[in-house]
file structure.cif (mmCIF, C-alpha atoms)
data_run
loop_
_atom_site.label_atom_id
_atom_site.label_comp_id
_atom_site.auth_asym_id
_atom_site.auth_seq_id
_atom_site.Cartn_x
_atom_site.Cartn_y
_atom_site.Cartn_z
CA MET A 212 -15.88 -8.17 31.77
CA LEU A 213 -18.44 -5.51 30.95
CA ALA A 214 -21.31 -7.97 31.38
CA PHE A 215 -20.81 -7.90 35.15
CA GLY A 216 -20.91 -4.12 35.06
CA LEU A 217 -24.22 -4.30 33.25
CA VAL A 218 -25.56 -6.67 35.89
CA ALA A 219 -24.58 -4.08 38.48
CA ALA A 220 -26.45 -1.48 36.43
CA MET A 221 -29.51 -3.72 36.67
CA ALA A 222 -29.22 -3.67 40.43
CA VAL A 223 -29.05 0.13 40.40
CA GLY A 224 -32.01 0.25 38.02
CA SER A 225 -33.98 -2.04 40.32
CA GLY A 226 -33.90 0.67 42.92
CA ALA A 227 -35.23 3.25 40.46
CA GLN A 228 -38.73 1.89 39.95
CA ALA A 229 -37.45 -0.83 37.63
CA GLN A 230 -39.28 -3.77 36.15
CA THR A 231 -37.21 -6.93 35.81
CA GLN A 232 -38.11 -10.08 33.90
CA TYR A 233 -36.31 -13.41 34.33
CA THR A 234 -36.56 -16.14 31.68
CA PRO A 235 -34.69 -19.41 32.28
CA SER A 236 -34.66 -22.15 29.65
CA VAL A 237 -33.21 -25.62 29.13
CA LEU A 238 -32.21 -27.30 25.86
CA LEU A 239 -31.48 -30.95 25.06
CA SER A 240 -30.27 -31.96 21.61
CA GLN A 241 -28.77 -34.82 19.66
CA ARG A 242 -26.74 -34.09 16.55
CA TYR A 243 -24.76 -35.88 13.87
CA ASP A 244 -21.56 -34.13 12.78
CA SER A 245 -19.74 -35.51 9.74
CA ASN A 246 -16.52 -33.59 10.45
CA VAL A 247 -15.93 -32.98 14.16
CA TYR A 248 -12.30 -31.91 13.63
CA THR A 249 -13.30 -29.39 10.92
CA THR A 250 -10.52 -30.49 8.60
CA ALA A 251 -9.80 -32.86 5.72
CA ASP A 252 -9.87 -36.58 6.52
CA LYS A 253 -6.10 -36.92 5.99
CA PHE A 254 -5.48 -34.58 8.95
CA VAL A 255 -7.76 -36.37 11.44
CA PRO A 256 -5.61 -37.67 14.35
CA GLN A 257 -4.62 -41.31 14.03
CA GLY A 258 -6.99 -43.69 15.81
CA HIS A 259 -9.94 -41.26 15.67
CA GLN A 260 -12.85 -40.92 13.25
CA SER A 261 -14.09 -37.75 11.59
CA TRP A 262 -17.83 -38.21 12.32
CA ASP A 263 -19.63 -38.52 15.62
CA LEU A 264 -22.91 -38.32 17.53
CA ILE A 265 -23.04 -35.52 20.11
CA THR A 266 -25.46 -35.06 22.99
CA ARG A 267 -25.85 -31.52 24.23
CA LEU A 268 -27.48 -30.30 27.44
CA GLY A 269 -27.66 -26.55 27.89
CA ALA A 270 -29.18 -23.95 30.15
CA ASP A 271 -29.92 -20.31 29.23
CA PHE A 272 -30.88 -17.43 31.49
CA ASP A 273 -32.26 -14.11 30.25
CA ILE A 274 -32.74 -10.98 32.33
CA LEU A 275 -34.48 -7.85 31.07
CA ASN A 276 -34.47 -4.79 33.30
CA LYS A 277 -36.45 -1.66 32.44
CA SER A 278 -36.05 1.51 34.50
CA ARG A 279 -35.95 5.26 34.09
CA LEU A 280 -32.13 5.01 33.99
CA GLY A 281 -32.19 2.79 30.89
CA ASP A 282 -33.00 -0.69 29.61
CA THR A 283 -30.50 -3.48 30.25
CA SER A 284 -30.55 -7.10 29.10
CA LEU A 285 -28.33 -10.06 29.89
CA HIS A 286 -28.25 -13.44 28.16
CA ALA A 287 -26.08 -16.13 29.76
CA ALA A 288 -25.77 -19.68 28.44
CA VAL A 289 -23.73 -22.73 29.36
CA ASP A 290 -23.86 -26.17 27.79
CA GLY A 291 -22.09 -29.51 27.87
CA ASN A 292 -21.40 -31.57 24.74
CA ALA A 293 -20.64 -35.29 25.07
CA TYR A 294 -19.23 -37.26 22.10
CA ALA A 295 -20.16 -40.90 21.58
CA TYR A 296 -16.90 -42.00 19.91
CA ASN A 297 -14.38 -39.15 20.19
CA SER A 298 -14.65 -38.82 23.97
CA ASN A 299 -11.54 -36.62 24.04
CA LEU A 300 -13.56 -33.89 22.29
CA THR A 301 -16.22 -33.62 25.03
CA TYR A 302 -16.43 -29.99 26.12
CA ALA A 303 -18.41 -27.28 27.88
CA SER A 304 -18.98 -23.86 26.35
CA THR A 305 -20.31 -20.54 27.58
CA ASN A 306 -21.85 -17.52 25.90
CA VAL A 307 -22.69 -14.21 27.59
CA ILE A 308 -24.29 -11.25 25.82
CA ALA A 309 -25.15 -8.06 27.69
CA LYS A 310 -26.32 -4.69 26.46
CA SER A 311 -27.68 -1.52 28.00
CA ASP A 312 -29.39 1.51 26.50
CA LEU A 313 -28.46 4.42 28.78
CA THR A 314 -30.15 7.09 26.65
CA ASP A 315 -32.64 8.17 29.32
CA TRP A 316 -29.86 8.65 31.86
CA ALA A 317 -27.57 10.33 29.29
CA GLN A 318 -30.22 12.86 28.29
CA GLU A 319 -30.59 13.95 31.89
CA VAL A 320 -26.89 14.83 31.81
CA LEU A 321 -26.80 16.22 28.26
CA PRO A 322 -30.08 16.67 26.33
CA GLY A 323 -29.89 15.18 22.84
CA LEU A 324 -27.33 12.50 23.78
CA GLN A 325 -27.96 8.78 23.15
CA LEU A 326 -25.64 6.19 24.69
CA ARG A 327 -25.52 2.39 24.34
CA ILE A 328 -22.95 -0.10 25.65
CA SER A 329 -22.63 -3.84 25.14
CA ASP A 330 -20.39 -6.81 25.83
CA ALA A 331 -20.28 -10.25 24.21
CA PHE A 332 -18.18 -13.20 25.38
CA ARG A 333 -17.87 -16.74 24.01
CA LEU A 334 -15.78 -19.75 25.09
CA THR A 335 -15.86 -22.73 22.71
CA PRO A 336 -13.69 -25.08 20.60
CA GLN A 337 -16.10 -24.67 17.67
CA GLN A 338 -15.98 -21.18 16.18
CA PRO A 339 -18.87 -20.31 13.87
CA SER A 340 -17.84 -19.47 10.32
CA PHE A 341 -20.55 -16.79 9.97
CA SER A 342 -22.28 -14.41 12.35
CA TYR A 343 -25.82 -14.23 11.01
CA ALA A 344 -27.11 -11.66 13.52
CA ALA A 345 -26.29 -8.79 11.17
CA ALA A 346 -28.54 -10.29 8.50
CA THR A 347 -31.41 -11.08 10.88
CA PRO A 348 -34.12 -8.40 10.88
CA GLN A 349 -35.29 -8.99 14.44
CA SER A 350 -31.80 -9.25 15.98
CA GLY A 351 -32.08 -5.69 17.31
CA GLY A 352 -28.36 -5.07 17.14
CA VAL A 353 -27.40 -8.13 19.19
CA PRO A 354 -23.63 -7.91 19.84
CA GLN A 355 -21.48 -10.81 18.68
CA PRO A 356 -18.00 -11.64 20.03
CA SER A 357 -16.81 -12.56 16.53
CA ALA A 358 -17.93 -9.24 15.01
CA GLY A 359 -14.89 -7.26 13.87
CA PHE A 360 -12.95 -10.35 12.85
CA THR A 361 -12.99 -11.83 9.39
CA SER A 362 -16.32 -13.53 8.83
CA GLY A 363 -16.42 -16.61 6.64
CA LEU A 364 -13.15 -17.94 8.07
CA GLN A 365 -12.96 -21.41 9.61
CA GLY A 366 -9.96 -23.28 10.90
CA ALA A 367 -9.42 -26.76 12.30
CA ARG A 368 -10.85 -27.47 15.76
CA ALA A 369 -9.18 -25.45 18.53
CA ASN A 370 -10.17 -24.11 21.96
CA SER A 371 -10.81 -20.37 21.91
CA TYR A 372 -12.39 -17.48 23.74
CA ALA A 373 -13.54 -14.21 22.21
CA ASN A 374 -14.82 -11.00 23.73
CA LYS A 375 -16.06 -7.70 22.32
CA VAL A 376 -16.82 -4.56 24.32
CA SER A 377 -18.46 -1.70 22.43
CA THR A 378 -20.02 1.67 23.05
CA GLU A 379 -22.11 3.82 20.70
CA GLY A 380 -23.11 7.44 21.08
CA ASP A 381 -25.27 9.87 19.10
CA TYR A 382 -25.66 13.57 19.79
CA SER A 383 -28.36 15.65 18.06
CA PHE A 384 -27.60 19.30 17.35
CA SER A 385 -31.06 19.66 15.81
CA ARG A 386 -33.83 17.53 14.34
CA SER A 387 -31.84 17.09 11.12
CA ALA A 388 -28.16 17.09 12.14
CA GLY A 389 -26.07 15.26 14.70
CA LEU A 390 -22.79 13.54 15.50
CA ARG A 391 -22.23 9.78 15.86
CA ALA A 392 -19.26 8.00 17.40
CA ASN A 393 -18.57 4.40 18.35
CA TYR A 394 -15.66 2.41 19.73
CA SER A 395 -15.08 -1.29 20.28
CA TYR A 396 -12.31 -3.49 21.61
CA SER A 397 -12.31 -7.10 20.42
CA THR A 398 -10.05 -9.98 21.31
CA ILE A 399 -9.81 -13.65 20.34
CA HIS A 400 -7.32 -16.11 21.87
CA TYR A 401 -6.60 -19.77 21.16
CA GLY A 402 -5.57 -22.63 23.41
CA ARG A 403 -5.42 -26.35 22.70
CA LEU A 404 -5.19 -27.44 19.05
CA TYR A 405 -6.80 -30.79 18.18
CA VAL A 406 -5.19 -31.34 14.78
CA PRO A 407 -1.54 -32.51 15.07
CA LEU A 408 -0.37 -30.60 11.99
CA ALA A 409 -1.66 -27.33 13.42
CA ALA A 410 1.69 -26.72 15.10
CA THR A 411 3.76 -27.15 11.93
CA ASN A 412 1.56 -26.41 8.91
CA PRO A 413 1.22 -22.65 8.22
CA THR A 414 -2.33 -23.16 6.95
CA PHE A 415 -3.38 -24.22 10.47
CA ASN A 416 -1.68 -21.32 12.23
CA TYR A 417 -3.81 -19.40 14.71
CA TRP A 418 -3.26 -15.81 15.73
CA ASN A 419 -4.23 -14.31 19.08
CA THR A 420 -5.75 -11.04 17.91
CA ASN A 421 -6.65 -7.73 19.58
CA ILE A 422 -8.58 -5.06 17.68
CA HIS A 423 -9.31 -1.41 18.42
CA ASN A 424 -12.05 -0.09 16.14
CA ALA A 425 -13.41 3.46 16.19
CA ALA A 426 -15.66 5.52 13.92
CA ILE A 427 -16.94 9.08 14.01
CA GLY A 428 -18.81 11.42 11.70
CA PRO A 429 -21.81 13.73 11.24
CA THR A 430 -25.32 12.39 10.65
CA PHE A 431 -28.15 13.99 8.71
CA THR A 432 -31.86 13.14 8.78
CA LEU A 433 -33.77 14.03 5.61
CA ASP A 434 -37.40 15.10 5.41
CA GLY A 435 -38.61 11.64 4.42
CA GLY A 436 -36.86 9.99 7.36
CA ASP A 437 -33.80 8.76 5.42
CA THR A 438 -30.47 9.12 7.23
CA ILE A 439 -26.88 9.77 6.11
CA PHE A 440 -23.79 8.96 8.17
CA LEU A 441 -20.49 10.39 6.85
CA LYS A 442 -18.28 7.87 8.62
CA PHE A 443 -14.53 8.07 9.16
CA ALA A 444 -13.21 4.83 10.70
CA TYR A 445 -9.93 3.65 12.20
CA LEU A 446 -8.89 0.07 12.96
CA ASN A 447 -5.74 -1.18 14.68
CA SER A 448 -4.92 -4.88 14.92
CA HIS A 449 -2.14 -6.59 16.87
CA GLN A 450 -1.54 -10.33 16.47
CA THR A 451 0.76 -12.94 18.00
CA ASN A 452 1.17 -16.42 16.56
CA THR A 453 0.03 -19.21 18.90
CA ALA A 454 2.84 -21.48 17.70
CA GLY A 455 5.43 -18.74 18.24
CA THR A 456 7.01 -19.41 14.85
CA THR A 457 6.68 -15.91 13.38
CA PRO A 458 7.00 -12.36 14.75
CA PRO A 459 3.90 -10.44 15.90
CA ARG A 460 1.93 -8.62 13.20
CA THR A 461 0.39 -5.18 13.51
CA PHE A 462 -1.49 -3.12 10.96
CA SER A 463 -3.89 -0.18 10.86
CA THR A 464 -6.58 0.88 8.42
CA TYR A 465 -8.23 4.22 7.73
CA SER A 466 -11.50 4.40 5.84
CA VAL A 467 -14.02 6.93 4.65
CA GLN A 468 -17.34 5.22 4.06
CA PRO A 469 -20.59 7.23 3.91
CA GLU A 470 -23.72 5.24 4.82
CA TYR A 471 -27.23 5.91 3.60
CA VAL A 472 -30.34 4.29 5.12
CA SER A 473 -33.66 4.58 3.32
CA LYS A 474 -37.12 3.03 3.33
CA ILE A 475 -37.42 2.53 -0.40
CA PHE A 476 -40.92 1.04 -0.10
CA ARG A 477 -43.34 0.73 2.77
CA ASP A 478 -41.77 -2.46 4.12
CA TRP A 479 -38.31 -2.40 2.53
CA THR A 480 -35.31 -0.84 4.28
CA ALA A 481 -32.02 -0.41 2.40
CA ARG A 482 -28.61 0.40 3.88
CA ILE A 483 -25.86 1.41 1.47
CA GLY A 484 -22.27 2.23 2.36
CA ALA A 485 -19.37 2.74 -0.05
CA GLY A 486 -15.93 4.27 0.20
CA ALA A 487 -12.21 3.56 0.40
CA THR A 488 -9.97 1.88 2.97
CA ILE A 489 -6.23 2.51 3.26
CA VAL A 490 -4.21 -0.38 4.71
CA GLU A 491 -1.13 0.84 6.56
CA GLN A 492 0.87 -2.27 5.74
CA GLN A 493 3.34 -1.99 2.89
CA ASN A 494 2.89 1.10 0.70
CA ASN A 495 -0.50 2.17 2.16
CA LYS A 496 -2.51 0.29 -0.44
CA THR A 497 -6.09 1.51 -0.99
CA PHE A 498 -9.11 -0.77 -1.45
CA PHE A 499 -12.77 -0.24 -2.24
CA SER A 500 -14.94 -1.12 0.76
CA GLY A 501 -18.64 -1.03 1.35
CA THR A 502 -21.83 -2.70 2.55
CA PHE A 503 -25.31 -3.19 1.16
CA SER A 504 -28.30 -4.66 2.95
CA LEU A 505 -31.96 -4.98 2.09
CA THR A 506 -34.49 -5.97 4.76
CA ASN A 507 -38.19 -6.61 4.44
CA ASP A 508 -40.85 -7.45 7.00
CA PHE A 509 -43.64 -8.51 4.65
CA ASP A 510 -45.87 -9.27 7.61
CA ARG A 511 -45.65 -11.04 10.91
CA GLN A 512 -45.25 -14.34 9.09
CA THR A 513 -42.40 -13.61 6.66
CA ARG A 514 -39.09 -11.79 7.02
CA VAL A 515 -36.29 -11.49 4.47
CA SER A 516 -32.85 -9.92 4.67
CA ILE A 517 -29.90 -9.77 2.25
CA GLU A 518 -26.48 -8.38 3.13
CA VAL A 519 -23.31 -7.98 1.02
CA SER A 520 -20.06 -6.49 2.30
CA ARG A 521 -16.43 -5.93 1.36
CA GLN A 522 -14.15 -4.93 4.23
CA ILE A 523 -10.53 -5.09 5.38
CA THR A 524 -10.32 -7.16 8.56
CA PRO A 525 -7.70 -9.16 10.52
CA ALA A 526 -7.38 -12.87 9.74
CA PHE A 527 -7.04 -15.00 12.87
CA ILE A 528 -5.87 -18.15 11.00
CA ALA A 529 -3.23 -19.05 8.39
CA VAL A 530 -1.02 -16.06 7.49
CA GLY A 531 -2.66 -13.51 9.80
CA GLY A 532 -2.47 -9.82 8.98
CA ALA A 533 -4.96 -7.94 6.82
CA VAL A 534 -7.49 -9.77 4.68
CA VAL A 535 -9.93 -8.53 2.02
CA SER A 536 -13.19 -10.08 3.23
CA ASN A 537 -16.08 -10.41 0.75
CA ILE A 538 -19.28 -11.68 2.37
CA ALA A 539 -22.83 -12.33 1.15
CA GLN A 540 -25.56 -13.44 3.58
CA LEU A 541 -29.23 -14.34 3.26
CA TYR A 542 -31.91 -14.71 5.93
CA VAL A 543 -35.50 -15.90 5.32
CA SER A 544 -38.06 -16.87 7.95
CA HIS A 545 -41.69 -17.84 7.51
CA SER A 546 -44.35 -18.90 10.01
CA PHE A 547 -46.75 -21.37 8.45
CA SER A 548 -48.97 -21.17 11.52
CA GLN A 549 -48.75 -20.32 15.19
CA VAL A 550 -46.92 -23.59 15.84
CA ILE A 551 -44.73 -24.24 12.76
CA SER A 552 -42.02 -21.98 11.31
CA LEU A 553 -39.06 -22.36 8.96
CA THR A 554 -35.83 -20.35 9.01
CA VAL A 555 -33.18 -20.49 6.26
CA ARG A 556 -29.77 -18.83 6.50
CA GLY A 557 -27.04 -18.84 3.88
CA GLY A 558 -23.56 -17.39 3.59
CA LEU A 559 -20.86 -17.09 0.93
CA ALA A 560 -17.36 -15.83 1.66
CA HIS A 561 -14.24 -15.15 -0.38
CA ASN A 562 -11.25 -13.98 1.64
CA GLU A 563 -7.75 -13.24 0.43
CA ALA A 564 -4.61 -11.97 2.12
CA THR A 565 -3.25 -8.52 1.34
CA PRO A 566 -1.10 -6.79 0.19
CA VAL A 567 0.32 -10.06 -1.22
CA LYS A 568 -2.26 -12.66 -2.22
CA VAL A 569 -0.57 -15.63 -0.51
CA PHE A 570 -3.73 -17.04 1.05
CA THR A 571 -7.32 -17.43 -0.13
CA GLN A 572 -10.32 -19.09 1.43
CA GLU A 573 -13.84 -19.67 0.19
CA ILE A 574 -16.69 -20.96 2.34
CA THR A 575 -20.29 -21.84 1.51
CA ASN A 576 -22.66 -22.25 4.44
CA GLY A 577 -26.38 -23.04 4.61
CA ILE A 578 -28.68 -23.77 7.57
CA ALA A 579 -32.37 -24.71 7.53
CA THR A 580 -34.29 -24.95 10.81
CA LEU A 581 -37.86 -26.18 11.26
CA ASP A 582 -39.45 -25.21 14.60
CA TYR A 583 -42.57 -26.76 16.09
CA ASN A 584 -44.15 -25.21 19.19
CA LEU A 585 -45.40 -28.23 21.07
CA THR A 586 -46.85 -26.00 23.80
CA ARG A 587 -46.47 -22.31 24.69
CA SER A 588 -43.22 -23.10 26.50
CA ILE A 589 -41.88 -26.26 24.79
CA LYS A 590 -40.35 -26.16 21.30
CA LEU A 591 -38.98 -28.91 19.05
CA SER A 592 -36.43 -28.05 16.34
CA LEU A 593 -34.98 -29.99 13.44
CA SER A 594 -32.04 -28.41 11.62
CA GLN A 595 -29.67 -29.27 8.79
CA GLU A 596 -26.41 -27.42 8.15
CA TYR A 597 -24.00 -27.81 5.25
CA ILE A 598 -20.57 -26.18 4.98
CA HIS A 599 -18.05 -26.46 2.15
CA TYR A 600 -14.48 -25.26 2.70
CA ASN A 601 -12.01 -24.35 0.01
CA LEU A 602 -8.70 -23.30 1.57
CA SER A 603 -5.46 -22.68 -0.23
CA GLY A 604 -2.76 -25.13 0.79
CA VAL A 605 -5.02 -27.94 2.07
CA PRO A 606 -7.56 -30.32 0.48
CA ASN A 607 -11.15 -29.10 0.27
CA TYR A 608 -13.58 -30.59 2.76
CA ASP A 609 -17.25 -30.57 3.74
CA LYS A 610 -19.23 -30.65 6.95
CA LEU A 611 -22.81 -31.84 7.54
CA VAL A 612 -24.59 -31.31 10.85
CA THR A 613 -28.09 -32.70 11.50
CA MET A 614 -29.66 -31.84 14.84
CA LEU A 615 -32.88 -32.59 16.72
CA ALA A 616 -33.45 -30.39 19.76
CA ALA A 617 -36.08 -29.82 22.44
CA SER A 618 -36.16 -26.68 24.57
CA THR A 619 -38.40 -25.26 27.25
CA GLU A 620 -38.58 -21.89 28.97
CA TRP A 621 -40.59 -20.55 31.83
#
call {"tool": "encode", "arguments": {"input": "structure.cif", "output": "structure tokens"}}
result
Amino acid sequence: MLAFGLVAAMAVGSGAQAQTQYTPSVLLSQRYDSNVYTTADKFVPQGHQSWDLITRLGADFDILNKSRLGDTSLHAAVDGNAYAYNSNLTYASTNVIAKSDLTDWAQEVLPGLQLRISDAFRLTPQQPSFSYAAATPQSGGVPQPSAGFTSGLQGARANSYANKVSTEGDYSFSRSAGLRANYSYSTIHYGRLYVPLAATNPTFNYWNTNIHNAAIGPTFTLDGGDTIFLKFAYLNSHQTNTAGTTPPRTFSTYSVQPEYVSKIFRDWTARIGAGATIVEQQNNKTFFSGTFSLTNDFDRQTRVSIEVSRQITPAFIAVGGAVVSNIAQLYVSHSFSQVISLTVRGGLAHNEATPVKVFTQEITNGIATLDYNLTRSIKLSLSQEYIHYNLSGVPNYDKLVTMLAASTEW
């Protein structure tokens, strides 16, 4: 896993007049989950109940290394989740995110070259339906293991691990023109299924999925600081059904999607991308694809971000293959004082299979989190999450999660 390579890079950096910061933290939480199997009540295993109380104990460890060779960070987390009634669901999960900016080193080799690499790994039976990092202004390009897969998809409870390795490079020919290229390899695999019908009902099918994703194109910087990226992208997906009931599925896409980034006002940043994607799966059908985001840092107290996208991505549940993924996300955070802050996230998704519309899924997700800084190192959090699922072929269902958490770092 690339994360271990980045840790090694930290060790090298430590010998090059590096500064390293270590930040451990511990979290304890209690949550109520109205739908622990993430499915309709009629599919809950016999003798079990759909709701439960879960106690979570987790530990996080952050390392930040700064040196003349580049800046590297590593976030590692592990937690245990114990269920009060459904003891068979008790699990441990891990999450590792590592990234390194090797620009300083790269420019010693080739002036004008910027280079960044990252790795994200997650092991859990509870896959998130949305990855909100893209819509979070202060995320700083945090890699997510689910990025590249269809967002806004959610299947019944199942063990899984996901990993994404990516590299990004920019080369400047001059102050106004350059070349950008990036490549990522993503994988998601499934193990134990907790819903009995998952092995026989096509709606509950899971697909082990591997994705190669690459993009390249020229970049231009305008006088006012706006940038243009004329992006040509290629995606290849290979999938195998976990139940072994259908043959493997492979498809490729080719897209041309120029991106324009502009500061339309002093504190507003807009990113617009629009183009066409060809799906190499039955008659090379062409779809409109694009993204739009608007981010504002009003001040240190308030941040707002809106993101809308339409992309062709692989579906890792139900029918598999290519899916037209339409996503809208909202992020709002406000600090009422130095000790109290509120964060609201929302997501809407409409996904449908292509080239034949045999599967559709719609998800509505909302999360509100109230944070209270008890001391400089101890924080209390109260959160409420609501999710509504509308899947073709199965009854609609909802999920409510209420959580009270306490965390400390030093």
call {"tool": "resolve_selection", "arguments": {"input": "structure.cif", "expression": "the PyMOL selection byres ((chain A and resi 445-460) around 9)", "output": "VMD selection string"}}
result
chain A and resid 400 to 402 409 to 411 416 to 426 443 to 444 461 to 466 524 to 525 527 531 to 533
call {"tool": "residues_around", "arguments": {"input": "structure.cif", "residues": "Thr565 (chain A)", "least_positions_apart": "4", "cutoff": "12 Å", "atoms": "only C-alpha atoms", "output": "PDB file with C-alpha atoms, keeping the file's coordinate frame"}}
result
ATOM      1  CA  PHE A 462      -1.490  -3.120  10.960  1.00  0.00           C
ATOM      2  CA  ILE A 489      -6.230   2.510   3.260  1.00  0.00           C
ATOM      3  CA  VAL A 490      -4.210  -0.380   4.710  1.00  0.00           C
ATOM      4  CA  GLU A 491      -1.130   0.840   6.560  1.00  0.00           C
ATOM      5  CA  GLN A 492       0.870  -2.270   5.740  1.00  0.00           C
ATOM      6  CA  GLN A 493       3.340  -1.990   2.890  1.00  0.00           C
ATOM      7  CA  ASN A 494       2.890   1.100   0.700  1.00  0.00           C
ATOM      8  CA  ASN A 495      -0.500   2.170   2.160  1.00  0.00           C
ATOM      9  CA  LYS A 496      -2.510   0.290  -0.440  1.00  0.00           C
ATOM     10  CA  THR A 497      -6.090   1.510  -0.990  1.00  0.00           C
ATOM     11  CA  PHE A 498      -9.110  -0.770  -1.450  1.00  0.00           C
ATOM     12  CA  GLN A 522     -14.150  -4.930   4.230  1.00  0.00           C
ATOM     13  CA  ILE A 523     -10.530  -5.090   5.380  1.00  0.00           C
ATOM     14  CA  THR A 524     -10.320  -7.160   8.560  1.00  0.00           C
ATOM     15  CA  PRO A 525      -7.700  -9.160  10.520  1.00  0.00           C
ATOM     16  CA  ALA A 526      -7.380 -12.870   9.740  1.00  0.00           C
ATOM     17  CA  VAL A 530      -1.020 -16.060   7.490  1.00  0.00           C
ATOM     18  CA  GLY A 531      -2.660 -13.510   9.800  1.00  0.00           C
ATOM     19  CA  GLY A 532      -2.470  -9.820   8.980  1.00  0.00           C
ATOM     20  CA  ALA A 533      -4.960  -7.940   6.820  1.00  0.00           C
ATOM     21  CA  VAL A 534      -7.490  -9.770   4.680  1.00  0.00           C
ATOM     22  CA  VAL A 535      -9.930  -8.530   2.020  1.00  0.00           C
ATOM     23  CA  SER A 536     -13.190 -10.080   3.230  1.00  0.00           C
ATOM     24  CA  VAL A 569      -0.570 -15.630  -0.510  1.00  0.00           C
ATOM     25  CA  PHE A 570      -3.730 -17.040   1.050  1.00  0.00           C
ATOM     26  CA  THR A 571      -7.320 -17.430  -0.130  1.00  0.00           C
TER      27      THR A 571
END
call {"tool": "closest_residue", "arguments": {"input": "structure.cif", "among": "A:Arg391, A:Arg386, A:Lys610, A:Arg267", "to": "Thr432 (chain A)", "atoms": "all atoms listed in the file"}}
result
A:Arg386
call {"tool": "atom_distance", "arguments": {"input": "structure.cif", "atom1": "CA of Gly484 (chain A)", "atom2": "CA of Phe332 (chain A)"}}
result
28.0 Å
call {"tool": "resolve_selection", "arguments": {"input": "structure.cif", "expression": "the PyMOL selection byres ((chain A and resi 472) around 12)", "output": "PyMOL selection string"}}
result
chain A and resi 430-433+435-441+469-471+473-475+479-484+502-506
call {"tool": "resolve_selection", "arguments": {"input": "structure.cif", "expression": "the PyMOL selection byres ((chain A and resi 239-250) around 8)", "output": "compact mmCIF listing (two decimals) with C-alpha atoms, in the frame of the given file"}}
result
# COMPACT_ATOMS: atom_id res chain seq x y z
CA VAL A 237 -33.21 -25.62 29.13
CA LEU A 238 -32.21 -27.30 25.86
CA ALA A 251 -9.80 -32.86 5.72
CA ASP A 252 -9.87 -36.58 6.52
CA PHE A 254 -5.48 -34.58 8.95
CA VAL A 255 -7.76 -36.37 11.44
CA SER A 261 -14.09 -37.75 11.59
CA TRP A 262 -17.83 -38.21 12.32
CA ASP A 263 -19.63 -38.52 15.62
CA LEU A 264 -22.91 -38.32 17.53
CA ILE A 265 -23.04 -35.52 20.11
CA THR A 266 -25.46 -35.06 22.99
CA ARG A 267 -25.85 -31.52 24.23
CA LEU A 268 -27.48 -30.30 27.44
CA GLY A 269 -27.66 -26.55 27.89
CA GLY A 366 -9.96 -23.28 10.90
CA ALA A 367 -9.42 -26.76 12.30
CA ARG A 368 -10.85 -27.47 15.76
CA TYR A 405 -6.80 -30.79 18.18
CA VAL A 406 -5.19 -31.34 14.78
CA TYR A 608 -13.58 -30.59 2.76
CA ASP A 609 -17.25 -30.57 3.74
CA LYS A 610 -19.23 -30.65 6.95
CA LEU A 611 -22.81 -31.84 7.54
CA VAL A 612 -24.59 -31.31 10.85
CA THR A 613 -28.09 -32.70 11.50
CA MET A 614 -29.66 -31.84 14.84
CA LEU A 615 -32.88 -32.59 16.72
CA ALA A 616 -33.45 -30.39 19.76
CA ALA A 617 -36.08 -29.82 22.44
CA SER A 618 -36.16 -26.68 24.57
call {"tool": "residues_around", "arguments": {"input": "structure.cif", "residues": "Ile574 (chain A)", "least_positions_apart": "4", "cutoff": "12 Å", "atoms": "only C-alpha atoms", "output": "ChimeraX atom specification"}}
result
/A:339-341,362-366,536-540,557-563,597-603,607-610
call {"tool": "write_last_selection", "arguments": {"input": "structure.cif", "atoms": "C-alpha atoms", "output": "mmCIF file, keeping the file's coordinate frame"}}
result
data_model
loop_
_atom_site.group_PDB
_atom_site.id
_atom_site.type_symbol
_atom_site.label_atom_id
_atom_site.label_comp_id
_atom_site.auth_asym_id
_atom_site.auth_seq_id
_atom_site.Cartn_x
_atom_site.Cartn_y
_atom_site.Cartn_z
ATOM 1 C CA PRO A 339 -18.870 -20.310 13.870
ATOM 2 C CA SER A 340 -17.840 -19.470 10.320
ATOM 3 C CA PHE A 341 -20.550 -16.790 9.970
ATOM 4 C CA SER A 362 -16.320 -13.530 8.830
ATOM 5 C CA GLY A 363 -16.420 -16.610 6.640
ATOM 6 C CA LEU A 364 -13.150 -17.940 8.070
ATOM 7 C CA GLN A 365 -12.960 -21.410 9.610
ATOM 8 C CA GLY A 366 -9.960 -23.280 10.900
ATOM 9 C CA SER A 536 -13.190 -10.080 3.230
ATOM 10 C CA ASN A 537 -16.080 -10.410 0.750
ATOM 11 C CA ILE A 538 -19.280 -11.680 2.370
ATOM 12 C CA ALA A 539 -22.830 -12.330 1.150
ATOM 13 C CA GLN A 540 -25.560 -13.440 3.580
ATOM 14 C CA GLY A 557 -27.040 -18.840 3.880
ATOM 15 C CA GLY A 558 -23.560 -17.390 3.590
ATOM 16 C CA LEU A 559 -20.860 -17.090 0.930
ATOM 17 C CA ALA A 560 -17.360 -15.830 1.660
ATOM 18 C CA HIS A 561 -14.240 -15.150 -0.380
ATOM 19 C CA ASN A 562 -11.250 -13.980 1.640
ATOM 20 C CA GLU A 563 -7.750 -13.240 0.430
ATOM 21 C CA TYR A 597 -24.000 -27.810 5.250
ATOM 22 C CA ILE A 598 -20.570 -26.180 4.980
ATOM 23 C CA HIS A 599 -18.050 -26.460 2.150
ATOM 24 C CA TYR A 600 -14.480 -25.260 2.700
ATOM 25 C CA ASN A 601 -12.010 -24.350 0.010
ATOM 26 C CA LEU A 602 -8.700 -23.300 1.570
ATOM 27 C CA SER A 603 -5.460 -22.680 -0.230
ATOM 28 C CA ASN A 607 -11.150 -29.100 0.270
ATOM 29 C CA TYR A 608 -13.580 -30.590 2.760
ATOM 30 C CA ASP A 609 -17.250 -30.570 3.740
ATOM 31 C CA LYS A 610 -19.230 -30.650 6.950
#
